[in-house]
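**Q** Pasting protein-v2.cif here (mmCIF, C-alpha atoms):
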```cif
data_entry
loop_
_atom_site.label_atom_id
_atom_site.label_comp_id
_atom_site.auth_asym_id
_atom_site.auth_seq_id
_atom_site.Cartn_x
_atom_site.Cartn_y
_atom_site.Cartn_z
CA MET A 18 -53.49 -94.43 -201.68
CA ALA A 19 -50.52 -95.90 -203.54
CA ILE A 20 -50.81 -95.83 -207.33
CA SER A 21 -48.43 -95.97 -210.28
CA LYS A 22 -46.92 -92.95 -211.96
CA CYS A 23 -48.82 -93.96 -215.10
CA PHE A 24 -52.10 -93.77 -213.21
CA ILE A 25 -51.25 -90.33 -211.84
CA THR A 26 -50.58 -89.15 -215.39
CA PHE A 27 -53.87 -90.67 -216.60
CA LYS A 28 -55.86 -88.97 -213.82
CA ASN A 29 -54.21 -85.59 -214.31
CA LYS A 30 -54.72 -85.56 -218.07
CA MET A 31 -58.34 -86.64 -217.78
CA SER A 32 -59.02 -83.97 -215.16
CA HIS A 33 -58.39 -81.30 -217.82
CA PHE A 34 -60.77 -83.00 -220.24
CA ASN A 35 -63.33 -83.32 -217.45
CA ALA A 36 -63.04 -79.59 -216.76
CA ASP A 37 -63.84 -78.96 -220.44
CA LEU A 38 -66.82 -81.25 -220.08
CA ASP A 39 -68.11 -79.37 -217.03
CA PHE A 40 -67.60 -75.99 -218.67
CA ILE A 41 -69.54 -76.79 -221.83
CA ASP A 42 -72.40 -78.15 -219.71
CA ILE A 43 -72.48 -74.92 -217.68
CA LEU A 44 -72.42 -72.88 -220.89
CA SER A 45 -75.21 -74.94 -222.37
CA LYS A 46 -77.39 -74.49 -219.28
CA SER A 47 -76.79 -70.75 -219.29
CA ILE A 48 -78.12 -70.60 -222.85
CA GLU A 49 -81.16 -72.66 -221.93
CA ASN A 50 -81.80 -70.43 -218.90
CA GLY A 51 -81.67 -67.30 -221.03
CA ASP A 52 -78.59 -65.86 -219.36
CA TYR A 53 -77.48 -64.61 -222.78
CA SER A 54 -80.37 -62.34 -223.69
CA ASN A 55 -78.50 -59.50 -225.41
CA GLU A 56 -80.44 -58.59 -228.56
CA GLU A 57 -77.43 -56.99 -230.25
CA GLU A 58 -74.87 -59.79 -229.96
CA LEU A 59 -75.05 -63.55 -230.23
CA PHE A 60 -72.47 -63.86 -227.43
CA PRO A 61 -70.52 -61.16 -225.58
CA GLY A 62 -67.92 -59.87 -228.03
CA SER A 63 -69.06 -62.08 -230.93
CA SER A 64 -69.94 -59.07 -233.10
CA ASP A 65 -66.24 -58.25 -233.41
CA GLU A 66 -65.29 -58.40 -237.10
CA ARG A 67 -62.43 -60.76 -236.32
CA TYR A 68 -65.06 -63.48 -235.74
CA THR A 69 -65.96 -63.74 -239.39
CA THR A 70 -68.44 -66.57 -238.86
CA LEU A 71 -70.19 -65.77 -235.57
CA SER A 72 -70.51 -62.08 -236.40
CA HIS A 73 -72.76 -62.97 -239.34
CA TYR A 74 -75.13 -65.17 -237.35
CA LYS A 75 -78.59 -63.74 -236.76
CA VAL A 76 -78.87 -62.82 -233.08
CA GLY A 77 -81.29 -65.06 -231.22
CA ASP A 78 -81.57 -67.96 -228.80
CA GLN A 79 -82.07 -70.48 -231.58
CA ASN A 80 -78.68 -69.68 -233.11
CA ARG A 81 -77.07 -69.58 -229.66
CA ARG A 82 -78.32 -73.10 -229.02
CA LEU A 83 -77.19 -74.16 -232.50
CA VAL A 84 -73.63 -72.97 -231.87
CA VAL A 85 -73.39 -74.43 -228.36
CA ASN A 86 -74.94 -77.75 -229.33
CA HIS A 87 -72.46 -78.14 -232.18
CA LEU A 88 -69.63 -77.32 -229.79
CA LYS A 89 -70.95 -79.93 -227.34
CA SER A 90 -71.13 -82.56 -230.06
CA THR A 91 -67.57 -81.77 -231.14
CA LEU A 92 -66.30 -81.88 -227.57
CA TYR A 93 -68.08 -85.14 -226.72
CA THR A 94 -66.66 -86.80 -229.82
CA ALA A 95 -63.16 -85.57 -228.97
CA TYR A 96 -63.60 -86.71 -225.36
CA ILE A 97 -64.33 -90.32 -226.32
CA LYS A 98 -61.30 -90.34 -228.62
CA ASP A 99 -59.07 -88.78 -225.95
CA LEU A 100 -60.36 -91.20 -223.30
CA TYR A 101 -59.37 -94.14 -225.47
CA GLU A 102 -56.01 -92.53 -226.26
CA GLU A 103 -55.17 -91.87 -222.60
CA PHE A 104 -56.26 -95.40 -221.68
CA SER A 105 -53.92 -96.81 -224.35
CA ILE A 106 -51.08 -94.56 -223.16
CA TYR A 107 -51.62 -95.88 -219.63
CA LEU A 108 -51.46 -99.52 -220.75
CA LYS A 109 -48.33 -98.96 -222.82
CA GLY A 110 -46.71 -97.03 -219.97
CA ILE A 111 -47.34 -99.89 -217.56
CA MET A 112 -45.84 -102.38 -220.01
CA LYS A 113 -42.69 -100.26 -220.24
CA GLU A 114 -42.39 -99.92 -216.47
CA VAL A 115 -42.96 -103.63 -215.93
CA TYR A 116 -40.15 -104.39 -218.38
CA SER A 117 -37.78 -101.75 -216.96
CA ASN A 118 -38.29 -103.20 -213.48
CA ALA A 119 -37.41 -106.68 -214.86
CA LYS A 120 -40.62 -108.11 -213.44
CA VAL A 121 -41.82 -109.96 -216.54
CA ALA A 122 -39.78 -112.12 -218.93
CA PRO A 123 -39.18 -110.46 -222.32
CA GLU A 124 -40.61 -113.47 -224.17
CA ARG A 125 -43.87 -113.06 -222.27
CA LEU A 126 -44.20 -109.38 -223.18
CA SER A 127 -43.34 -110.07 -226.80
CA GLY A 128 -45.48 -113.17 -227.20
CA GLU A 129 -46.42 -113.86 -230.81
CA HIS A 130 -45.54 -110.37 -231.98
CA LYS A 131 -42.49 -109.73 -234.11
CA VAL A 132 -40.70 -106.39 -234.46
CA ASN A 133 -39.06 -105.36 -237.70
CA LEU A 134 -35.98 -103.26 -237.02
CA THR A 135 -32.94 -102.90 -239.23
CA SER A 136 -29.44 -103.27 -237.84
CA VAL A 137 -29.05 -99.52 -238.19
CA ASP A 138 -32.26 -98.94 -236.21
CA ILE A 139 -31.05 -101.24 -233.45
CA LEU A 140 -27.62 -99.61 -233.23
CA GLN A 141 -29.12 -96.11 -233.22
CA HIS A 142 -31.58 -96.92 -230.45
CA LEU A 143 -28.90 -98.72 -228.45
CA GLN A 144 -26.84 -95.58 -228.72
CA THR A 145 -29.72 -93.35 -227.55
CA GLY A 146 -30.75 -95.84 -224.87
CA ASP A 147 -34.39 -96.18 -225.91
CA LEU A 148 -34.37 -99.53 -227.72
CA ALA A 149 -36.66 -101.19 -225.16
CA ASP A 150 -39.21 -98.36 -225.50
CA VAL A 151 -39.17 -98.67 -229.29
CA VAL A 152 -39.68 -102.44 -229.14
CA ILE A 153 -42.59 -102.15 -226.69
CA ASP A 154 -44.10 -99.35 -228.80
CA ASN A 155 -44.01 -101.74 -231.76
CA ILE A 156 -45.53 -104.59 -229.76
CA PHE A 157 -48.31 -102.35 -228.51
CA GLN A 158 -48.92 -100.99 -232.00
CA SER A 159 -49.34 -104.57 -233.22
CA LEU A 160 -52.02 -105.09 -230.57
CA GLU A 161 -53.85 -101.91 -231.57
CA ASN A 162 -53.63 -102.80 -235.26
CA GLU A 163 -55.83 -105.82 -234.55
CA ARG A 164 -58.64 -103.29 -233.96
CA SER A 165 -60.07 -105.34 -231.11
CA THR A 166 -60.44 -103.51 -227.83
CA ILE A 167 -61.24 -106.71 -225.96
CA GLY A 168 -58.20 -108.35 -227.57
CA LEU A 169 -55.96 -105.45 -226.58
CA ILE A 170 -57.09 -105.51 -222.95
CA THR A 171 -57.07 -109.31 -222.65
CA LYS A 172 -53.58 -109.67 -224.13
CA PHE A 173 -52.30 -106.82 -221.95
CA HIS A 174 -53.43 -108.66 -218.81
CA LYS A 175 -51.85 -111.88 -220.07
CA LYS A 176 -48.56 -110.22 -221.00
CA ILE A 177 -47.99 -108.66 -217.59
CA GLY A 178 -49.52 -111.58 -215.69
CA ILE A 179 -52.49 -110.11 -213.80
CA GLU A 180 -56.00 -111.48 -213.45
CA ILE A 181 -58.68 -109.90 -215.59
CA GLU A 182 -61.84 -108.49 -213.98
CA GLN A 183 -64.31 -109.31 -216.74
CA THR A 184 -67.21 -107.18 -215.52
CA LEU A 185 -65.05 -104.06 -215.41
CA VAL A 186 -63.59 -104.88 -218.82
CA ASP A 187 -67.04 -105.37 -220.34
CA ASN A 188 -68.28 -102.08 -218.86
CA ALA A 189 -65.30 -100.15 -220.21
CA ILE A 190 -65.42 -101.77 -223.65
CA HIS A 191 -69.11 -100.89 -223.93
CA TYR A 192 -68.06 -97.23 -224.11
CA LEU A 193 -64.62 -97.57 -225.72
CA GLU A 194 -66.27 -99.24 -228.72
CA ILE A 195 -68.00 -95.93 -229.43
CA ARG A 196 -64.62 -94.53 -230.39
CA HIS A 197 -64.28 -97.11 -233.16
CA LYS A 198 -67.51 -95.89 -234.77
CA LEU A 199 -66.51 -92.25 -234.38
CA VAL A 200 -63.12 -92.82 -236.04
CA HIS A 201 -63.96 -95.35 -238.72
CA ALA A 202 -67.63 -94.66 -239.51
CA ASP A 203 -68.02 -90.95 -238.71
CA GLY A 204 -70.23 -91.90 -235.78
CA HIS A 205 -72.72 -93.96 -237.77
CA ALA A 206 -73.86 -97.19 -236.14
CA ASP A 207 -74.98 -100.42 -237.76
CA GLU A 208 -77.81 -102.54 -236.38
CA GLU A 209 -75.44 -104.84 -234.49
CA PHE A 210 -73.88 -101.90 -232.67
CA LYS A 211 -77.27 -100.34 -231.91
CA LYS A 212 -78.51 -103.61 -230.46
CA ALA A 213 -75.45 -103.90 -228.21
CA HIS A 214 -75.71 -100.22 -227.22
CA ASP A 215 -79.47 -99.86 -226.96
CA LEU A 216 -79.31 -97.19 -224.25
CA LEU A 217 -77.53 -94.72 -226.54
CA ASN A 218 -79.49 -92.23 -228.62
CA TYR A 219 -79.24 -92.10 -232.41
CA THR A 220 -80.25 -89.67 -235.14
CA SER A 221 -82.61 -90.54 -237.97
CA THR A 222 -79.54 -91.47 -240.01
CA ASN A 223 -78.26 -93.83 -237.27
CA LYS A 224 -75.53 -91.49 -236.09
CA ILE A 225 -74.59 -91.78 -232.41
CA LYS A 226 -75.86 -88.89 -230.27
CA LEU A 227 -73.59 -88.34 -227.29
CA ASP A 228 -74.62 -86.42 -224.19
CA TYR A 229 -73.13 -85.31 -220.87
CA CYS A 230 -74.47 -88.32 -218.95
CA THR A 231 -73.08 -90.84 -221.45
CA ILE A 232 -69.66 -89.18 -221.43
CA CYS A 233 -69.55 -89.24 -217.62
CA GLN A 234 -70.51 -92.91 -217.60
CA ALA A 235 -67.79 -93.65 -220.15
CA TYR A 236 -65.17 -91.98 -217.99
CA GLU A 237 -66.31 -93.78 -214.86
CA ALA A 238 -66.25 -97.18 -216.59
CA VAL A 239 -62.72 -96.69 -217.94
CA PHE A 240 -61.51 -95.13 -214.68
CA GLN A 241 -62.73 -98.15 -212.70
CA LEU A 242 -60.91 -100.52 -215.07
CA VAL A 243 -57.68 -98.52 -214.84
CA SER A 244 -58.02 -98.45 -211.04
CA ASP A 245 -58.40 -102.23 -210.95
CA ILE A 246 -55.43 -102.80 -213.23
CA ASP A 247 -53.29 -100.38 -211.29
CA SER A 248 -54.07 -101.85 -207.88
CA LYS A 249 -53.13 -105.32 -209.14
CA VAL A 250 -49.94 -104.01 -210.74
CA ILE A 251 -48.92 -102.29 -207.51
CA CYS A 252 -49.86 -105.27 -205.31
CA ALA A 253 -47.81 -107.58 -207.54
CA GLY A 254 -44.82 -105.26 -207.32
CA LEU A 255 -44.76 -104.83 -211.09
CA ALA A 256 -44.56 -101.04 -210.89
CA LYS A 257 -43.31 -98.57 -208.34
CA SER A 258 -45.94 -97.06 -206.07
CA HIS A 259 -46.51 -93.35 -205.60
CA THR A 260 -48.74 -91.49 -203.18
CA ASP A 261 -51.95 -90.19 -204.69
CA ARG A 262 -52.10 -86.50 -203.77
CA ASN A 263 -54.85 -85.62 -206.23
CA GLU A 264 -52.39 -83.55 -208.24
CA THR A 265 -53.63 -81.82 -211.39
CA ALA A 266 -50.33 -80.80 -212.94
#
```
Could you render the structure as C-alpha cells?
**A**
Amino acid sequence: MAISKCFITFKNKMSHFNADLDFIDILSKSIENGDYSNEEELFPGSSDERYTTLSHYKVGDQNRRLVVNHLKSTLYTAYIKDLYEEFSIYLKGIMKEVYSNAKVAPERLSGEHKVNLTSVDILQHLQTGDLADVVIDNIFQSLENERSTIGLITKFHKKIGIEIEQTLVDNAIHYLEIRHKLVHADGHADEEFKKAHDLLNYTSTNKIKLDYCTICQAYEAVFQLVSDIDSKVICAGLAKSHTDRNETA
C-alpha cells in the first residue's frame, strides 16, 4: 500500500501510544483478577523507600485499584491530547510537502491568513533555508488559533484541493472535541457537549470519564480520516508515495 511519509510517521508514533494503552489495560485486568495478591507489598518492589508515595499506601486490592485507575485516567487523557497533536502534525506535514512539491499555488495555501515576519526574520530564514516551513507553521498556527476543529479540517482540505469526506470528518471530530474539554475545561462538560456526546460517561460533577473502548474508538475514527486524506493526497500526486511496511521505528 502506497502512503505518504507523513502517514508513516503518524502510524509509527501512534503505535507507541497504542502499546501504552494495551499495557495499562493488561495491568488493570491483572489487578481485577487478583494476580497481585502479596499481602506485604502493594506492587512488587513498591515497598522500596525510594518510592516515597507508594511505600506509604496501605497494602490491599482497593489501593491497588485506586493507583491503577488513576494511572488509566491520566493515560487516557494524555492519549486524547497526543492523538490530536499527532493528527495536527500530520496535516501540517502534508501542507509542507504539497508546497515543496510545487503542487498547490502559494496563494491558495496562504488564503486569508497573513504572516508577520520582520525583514531580519525573513533574511535569517532565507539563509537557513527554512523560510517556507516557518511561513506554513504560521499559517497552520492561525488555523489552530481559531479553536475550531471542523474549521481546521475543512480549510485544510480546501487549501490543498481535495474533496472532504464529511462522515469521516464528523466521526473524527466527535472524539477530537474531547481534547478541547480536557485542555480548556479540565475535562468538565457542559450540557451542550453532553448532549452531543451522549454515549460518553460522566462523573457526578460532569467530568468526562474515559475508558479503553472510547479511546480505541477515538483512534479508529481519526485513523480512518487520516487514511482517507492520505489516499486522496497520493492519488492526486500532491505528495510522494512510500511503501507501507508496517514499520514501528
**Q** Using only C-alpha atoms, pick whichever of A:Ala36, A:Ala189, A:Leu71, A:Ala149 has the shortest atom-to-atom distance to Glu58 (chain A).
**A**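 Of all the options, A:Leu71 lies closest to Glu58 (chain A).
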**Q** Starting from the displayed file, determine the output of the PyMOL selection byres ((chain A and resi 45-50) around 9) and express the residue list as a ChimeraX atom specification.
**A** /A:40-44,51-54,78,81-82,85-86,89
**Q** Output C-alpha atoms for every residue in that selection, as a tab-separated table (two decimals), in the coordinates of the input.
**A**
```tsv
chain	number	residue	atom	x	y	z
A	40	PHE	CA	-67.60	-75.99	-218.67
A	41	ILE	CA	-69.54	-76.79	-221.83
A	42	ASP	CA	-72.40	-78.15	-219.71
A	43	ILE	CA	-72.48	-74.92	-217.68
A	44	LEU	CA	-72.42	-72.88	-220.89
A	51	GLY	CA	-81.67	-67.30	-221.03
A	52	ASP	CA	-78.59	-65.86	-219.36
A	53	TYR	CA	-77.48	-64.61	-222.78
A	54	SER	CA	-80.37	-62.34	-223.69
A	78	ASP	CA	-81.57	-67.96	-228.80
A	81	ARG	CA	-77.07	-69.58	-229.66
A	82	ARG	CA	-78.32	-73.10	-229.02
A	85	VAL	CA	-73.39	-74.43	-228.36
A	86	ASN	CA	-74.94	-77.75	-229.33
A	89	LYS	CA	-70.95	-79.93	-227.34
```
**Q** With 12 Å as the threshold, what does the neighbourhood of (-43.1, -95.8, -203.6) contain in terms of residues, counting all atoms listed in the file? Coordinates are those of the file; answer as a list in words.
**A**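 It turns out the residues near that spot are Met18, Ala19, Ile20, Ser21, Lys22, Ile251, Cys252, Gly254, Leu255, Ala256, Lys257, Ser258, His259, Thr260 and Asp261 of chain A.
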**Q** Those selected residues, please, written with C-alpha atoms and delivered as a compact mmCIF listing (two decimals), in the coordinates of the input.
**A**
```
# COMPACT_ATOMS: atom_id res chain seq x y z
CA MET A 18 -53.49 -94.43 -201.68
CA ALA A 19 -50.52 -95.90 -203.54
CA ILE A 20 -50.81 -95.83 -207.33
CA SER A 21 -48.43 -95.97 -210.28
CA LYS A 22 -46.92 -92.95 -211.96
CA ILE A 251 -48.92 -102.29 -207.51
CA CYS A 252 -49.86 -105.27 -205.31
CA GLY A 254 -44.82 -105.26 -207.32
CA LEU A 255 -44.76 -104.83 -211.09
CA ALA A 256 -44.56 -101.04 -210.89
CA LYS A 257 -43.31 -98.57 -208.34
CA SER A 258 -45.94 -97.06 -206.07
CA HIS A 259 -46.51 -93.35 -205.60
CA THR A 260 -48.74 -91.49 -203.18
CA ASP A 261 -51.95 -90.19 -204.69
```
**Q** Write out as a ChimeraX atom specification the residues lying within 8 Å of Lys226 (chain A), counting only C-alpha atoms and excluding same-chain residues fewer than 3 positions away.
**A** /A:90,217-220
**Q** Exactly which residues make up the result of the PyMOL selection byres ((chain A and resi 167) around 12) on this file, given as a PyMOL selection string?
**A** chain A and resi 160-161+163-166+168-174+181+183+185-194
**Q** What does the structure give for the distance between CA of Lys98 (chain A) and CA of Val151 (chain A), in Å to one decimal?
**A** 23.7 Å
**Q** Please, which residues are within 10 Å of (-65.9, -94.0, -228.7) by the file's coordinates, counting all atoms listed in the file, and could they come as a CSV table (one decimal) with C-alpha atoms, in the coordinates of the input?
**A**
```csv
chain,number,residue,atom,x,y,z
A,93,TYR,CA,-68.1,-85.1,-226.7
A,94,THR,CA,-66.7,-86.8,-229.8
A,95,ALA,CA,-63.2,-85.6,-229.0
A,96,TYR,CA,-63.6,-86.7,-225.4
A,97,ILE,CA,-64.3,-90.3,-226.3
A,98,LYS,CA,-61.3,-90.3,-228.6
A,99,ASP,CA,-59.1,-88.8,-226.0
A,100,LEU,CA,-60.4,-91.2,-223.3
A,101,TYR,CA,-59.4,-94.1,-225.5
A,190,ILE,CA,-65.4,-101.8,-223.6
A,191,HIS,CA,-69.1,-100.9,-223.9
A,192,TYR,CA,-68.1,-97.2,-224.1
A,193,LEU,CA,-64.6,-97.6,-225.7
A,194,GLU,CA,-66.3,-99.2,-228.7
A,195,ILE,CA,-68.0,-95.9,-229.4
A,196,ARG,CA,-64.6,-94.5,-230.4
A,197,HIS,CA,-64.3,-97.1,-233.2
A,198,LYS,CA,-67.5,-95.9,-234.8
A,199,LEU,CA,-66.5,-92.2,-234.4
A,200,VAL,CA,-63.1,-92.8,-236.0
A,204,GLY,CA,-70.2,-91.9,-235.8
A,225,ILE,CA,-74.6,-91.8,-232.4
A,227,LEU,CA,-73.6,-88.3,-227.3
A,232,ILE,CA,-69.7,-89.2,-221.4
A,235,ALA,CA,-67.8,-93.6,-220.2
```
**Q** Between CA of Phe24 (chain A) and CA of Val152 (chain A), measure the distance and give it in Å to one decimal.
**A**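 We find that CA of Phe24 (chain A) and CA of Val152 (chain A) lie 22.0 Å from each other.
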**Q** So which residues touch Glu57 (chain A) within 12 Å, counting only C-alpha atoms, skipping near sequence neighbours fewer than 4 positions away, as a PyMOL selection string?
**A** chain A and resi 53+61-65+72-78
**Q** Once you have the residues from the selection above, write them out as a PDB file, keeping the file's coordinate frame, restricted to C-alpha atoms.
**A**
```
ATOM      1  CA  TYR A  53     -77.480 -64.610-222.780  1.00  0.00           C
ATOM      2  CA  PRO A  61     -70.520 -61.160-225.580  1.00  0.00           C
ATOM      3  CA  GLY A  62     -67.920 -59.870-228.030  1.00  0.00           C
ATOM      4  CA  SER A  63     -69.060 -62.080-230.930  1.00  0.00           C
ATOM      5  CA  SER A  64     -69.940 -59.070-233.100  1.00  0.00           C
ATOM      6  CA  ASP A  65     -66.240 -58.250-233.410  1.00  0.00           C
ATOM      7  CA  SER A  72     -70.510 -62.080-236.400  1.00  0.00           C
ATOM      8  CA  HIS A  73     -72.760 -62.970-239.340  1.00  0.00           C
ATOM      9  CA  TYR A  74     -75.130 -65.170-237.350  1.00  0.00           C
ATOM     10  CA  LYS A  75     -78.590 -63.740-236.760  1.00  0.00           C
ATOM     11  CA  VAL A  76     -78.870 -62.820-233.080  1.00  0.00           C
ATOM     12  CA  GLY A  77     -81.290 -65.060-231.220  1.00  0.00           C
ATOM     13  CA  ASP A  78     -81.570 -67.960-228.800  1.00  0.00           C
TER      14      ASP A  78
END
```
**Q** Using Å and a single decimal, report how far CA of Phe27 (chain A) sits from CA of His142 (chain A).
**A**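 About the pair CA of His142 (chain A) and CA of Phe27 (chain A): they are 27.0 Å apart.
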**Q** Give the answer as one residue: which of A:Asn55, A:Asn223, A:Thr135, A:Gln158 has the shortest atom-to-atom distance to Ser105 (chain A), using all atoms listed in the file?
**A**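 Nearest candidate to Ser105 (chain A) out of A:Asn55, A:Asn223, A:Thr135, A:Gln158: A:Gln158.
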**Q** Which residue, A:Lys224, A:Lys28, A:His205, A:His87, has the smallest gap to Glu103 (chain A) when you use all atoms listed in the file?
**A**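 Of the candidates, the smallest distance to Glu103 (chain A) is held by A:Lys28.
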**Q** Using only C-alpha atoms, can you tell me which of A:Ile177, A:Glu182, A:Asn80, A:Asp154 comes closest to Val243 (chain A)?
**A**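 Checking each of A:Ile177, A:Glu182, A:Asn80, A:Asp154 against Val243 (chain A), counting only C-alpha atoms, the winner is A:Glu182.
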**Q** Looking at all atoms listed in the file, which of A:Asp215, A:Thr70, A:Tyr229, A:Glu180 is the one that sits closest to Asp245 (chain A)?
**A**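 Looking only at the distances to Asp245 (chain A), the closest residue turns out to be A:Glu180.
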**Q** Here is a test: counting only C-alpha atoms, which residue of A:Leu242, A:Leu148, A:Ala202, A:Leu88 is nearest to Lys113 (chain A)?
**A**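 Residue with the minimum atom-to-atom distance to Lys113 (chain A): A:Leu148.
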